[in-house]
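Reading through the structure tokens given below for one structure.
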Amino acid sequence: MAVTNNQTIKAVVLTISDSASRGEREDLSGPAVVAELQSLKAEIVAAEILPDEREQIAARLRQYSDAGAANLIVTTGGTGLAPRDVTPEATRDVIEREAPGLAELMRAESLKITPLAALSRSVCGARGRTLIVNLPGSVRGARENLQAIARTLPHAISLLTE
């Protein structure tokens, strides 16, 4: 996914899942997000799995944002209503400016497919020159939500990196 100023989108994908981080289940949503981003011509800088731990998620978001190696961080998982779903809180802990329109667009498009989209608590925002986007943890939900905002990502990244 080329950006208007000829800068490539460089992405980090973080899967947020207790069971996947412990090796109790295979991470399917992270690789699905990586594949979706690659189909959009994004360069994948890193992909990893983290447990549903607010401080650990926030620390990793800070690390990747502040290092400047990525201009997009996409999380998958931890956005629902379960007590362990803390990805939106961790994201709010680190972003400097929220981008509510992106989260609203994802929910609006998802609501066309399933009423359960109303339960999503995904957050999007910027820290420095990095855009952070929370996606649902299901493969289908992650793909659909990423596709919903794909057309806006090049311009958003361009604005952050000018």
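Residue numbering restarts at 1 in every chain; chains get A, B, ... in the order shown in the structure tokens, and ligands count up from 1 in that same order.
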Inset, instruction - Fewer than 6 positions away in the same chain doesn't count, so skip those; otherwise give me all residues within 12 Å of region 81-93 of chain A, counting only C-alpha atoms, as an MDAnalysis selection string. - result: chainID A and resid 14:19 50:62 65 73:75 99:100 103 116:127 131:137
Can you write just those residues out, C-alpha atoms, as a short mmCIF file (atom, residue, chain, number, x, y, z; two decimals), in the first residue's frame?
```
data_model
loop_
_atom_site.label_atom_id
_atom_site.label_comp_id
_atom_site.auth_asym_id
_atom_site.auth_seq_id
_atom_site.Cartn_x
_atom_site.Cartn_y
_atom_site.Cartn_z
CA LEU A 14 0.02 -7.68 17.44
CA THR A 15 -2.30 -10.55 18.29
CA ILE A 16 -3.78 -10.08 21.75
CA SER A 17 -4.78 -13.45 23.19
CA ASP A 18 -4.07 -15.21 26.47
CA SER A 19 -4.52 -18.70 25.00
CA LEU A 50 0.80 -10.90 23.54
CA PRO A 51 -1.40 -11.91 26.47
CA ASP A 52 -4.41 -9.80 27.48
CA GLU A 53 -2.33 -7.69 29.87
CA ARG A 54 -2.97 -3.96 29.66
CA GLU A 55 0.51 -2.82 30.70
CA GLN A 56 2.27 -5.28 28.42
CA ILE A 57 0.13 -4.25 25.43
CA ALA A 58 0.68 -0.55 26.16
CA ALA A 59 4.44 -1.06 26.55
CA ARG A 60 4.68 -2.82 23.18
CA LEU A 61 2.56 -0.13 21.48
CA ARG A 62 4.88 2.53 22.93
CA SER A 65 5.56 3.68 17.96
CA ILE A 73 0.34 -0.87 14.34
CA VAL A 74 -2.63 -3.18 13.98
CA THR A 75 -3.85 -5.18 16.95
CA ALA A 99 -9.19 8.86 15.36
CA PRO A 100 -12.79 7.97 16.19
CA ALA A 103 -13.43 2.97 14.57
CA LEU A 116 -22.70 -8.24 17.10
CA ALA A 117 -20.49 -5.47 15.68
CA ALA A 118 -22.22 -3.15 18.14
CA LEU A 119 -20.25 -4.91 20.90
CA SER A 120 -16.89 -3.90 19.47
CA ARG A 121 -14.88 -1.45 21.55
CA SER A 122 -12.11 -0.94 18.99
CA VAL A 123 -10.08 2.25 19.28
CA CYS A 124 -7.95 3.96 16.65
CA GLY A 125 -5.52 6.80 17.14
CA ALA A 126 -2.07 8.21 16.65
CA ARG A 127 1.06 8.23 18.75
CA LEU A 131 -1.36 5.05 13.54
CA ILE A 132 -2.68 2.39 15.91
CA VAL A 133 -5.78 0.40 14.90
CA ASN A 134 -7.62 -2.17 17.04
CA LEU A 135 -9.33 -5.00 15.14
CA PRO A 136 -11.56 -7.78 16.47
CA GLY A 137 -9.95 -11.12 17.32
#
```
Legend entry - Ala70 (chain A) environment, 7 Å, only C-alpha atoms, sequence neighbours closer than 5 positions dropped, as JSON, numbers by chain: {"A": [10, 11, 12, 45, 64, 65, 130]}
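Our summary of the geometry notes that CA of Asp66 (chain A) is positioned 26.1 Å from CA of Asp27 (chain A).
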Inset, instruction - Determine which residues of chain A DSSP labels as helix (DSSP H, G or I) from the backbone of this structure, then write them out as a VMD selection string. - result: chain A and resid 18 to 21 29 to 39 54 to 67 87 to 94 100 to 111 115 to 119 139 to 149 153 to 161
With region 151-156 of chain A as the partner and 10 Å as the cut-off, tabulate the residues of region 15-72 of chain A that qualify, each row holding the nearest pair of atoms and their distance in Å to one decimal, using only C-alpha atoms, sorted by chain and rising number, as CSV.
```
residue,atom,partner,partner_atom,distance
A:Leu40,CA,A:Arg151,CA,9.7
A:Ala42,CA,A:Pro154,CA,9.9
A:Asn71,CA,A:Ala156,CA,9.9
A:Leu72,CA,A:Leu153,CA,8.9
```
So which bits of region 127-156 of chain A end up strand (DSSP E) when you DSSP the backbone, as a tab-separated table (two decimals) with C-alpha atoms, in the first residue's frame?
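New file selection-v2.tsv:
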```tsv
chain	number	residue	atom	x	y	z
A	127	ARG	CA	1.06	8.23	18.75
A	130	THR	CA	2.29	5.97	14.05
A	131	LEU	CA	-1.36	5.05	13.54
A	132	ILE	CA	-2.68	2.39	15.91
A	133	VAL	CA	-5.78	0.40	14.90
A	134	ASN	CA	-7.62	-2.17	17.04
A	135	LEU	CA	-9.33	-5.00	15.14
```
Inset, instruction - Considering only C-alpha atoms, return as a VMD selection string whatever protein or nucleic-acid residues lie within 8 Å of Val34 (chain A), sequence-local ones (same chain, fewer than 6 positions apart) excluded. - result: chain A and resid 13 44 47
Taking N, CA and C atoms for each residue, export the selection above as a short mmCIF file (atom, residue, chain, number, x, y, z; two decimals), in the first residue's frame.
```
data_model
loop_
_atom_site.label_atom_id
_atom_site.label_comp_id
_atom_site.auth_asym_id
_atom_site.auth_seq_id
_atom_site.Cartn_x
_atom_site.Cartn_y
_atom_site.Cartn_z
N VAL A 13 1.95 -6.13 13.47
CA VAL A 13 0.69 -6.80 13.81
C VAL A 13 0.86 -7.48 15.16
N ILE A 44 5.55 -5.70 6.33
CA ILE A 44 5.35 -6.16 7.70
C ILE A 44 6.69 -6.09 8.43
N ALA A 47 5.49 -9.16 13.75
CA ALA A 47 4.21 -9.75 14.14
C ALA A 47 4.48 -10.59 15.38
#
```
Inset, instruction - Counting only C-alpha atoms, figure out which residue out of A:Glu162, A:Ala35, A:Ile49, A:Ile9 gets nearest to Arg22 (chain A). - result: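 Using only C-alpha atoms, Arg22 (chain A) sits closest to A:Ile49.
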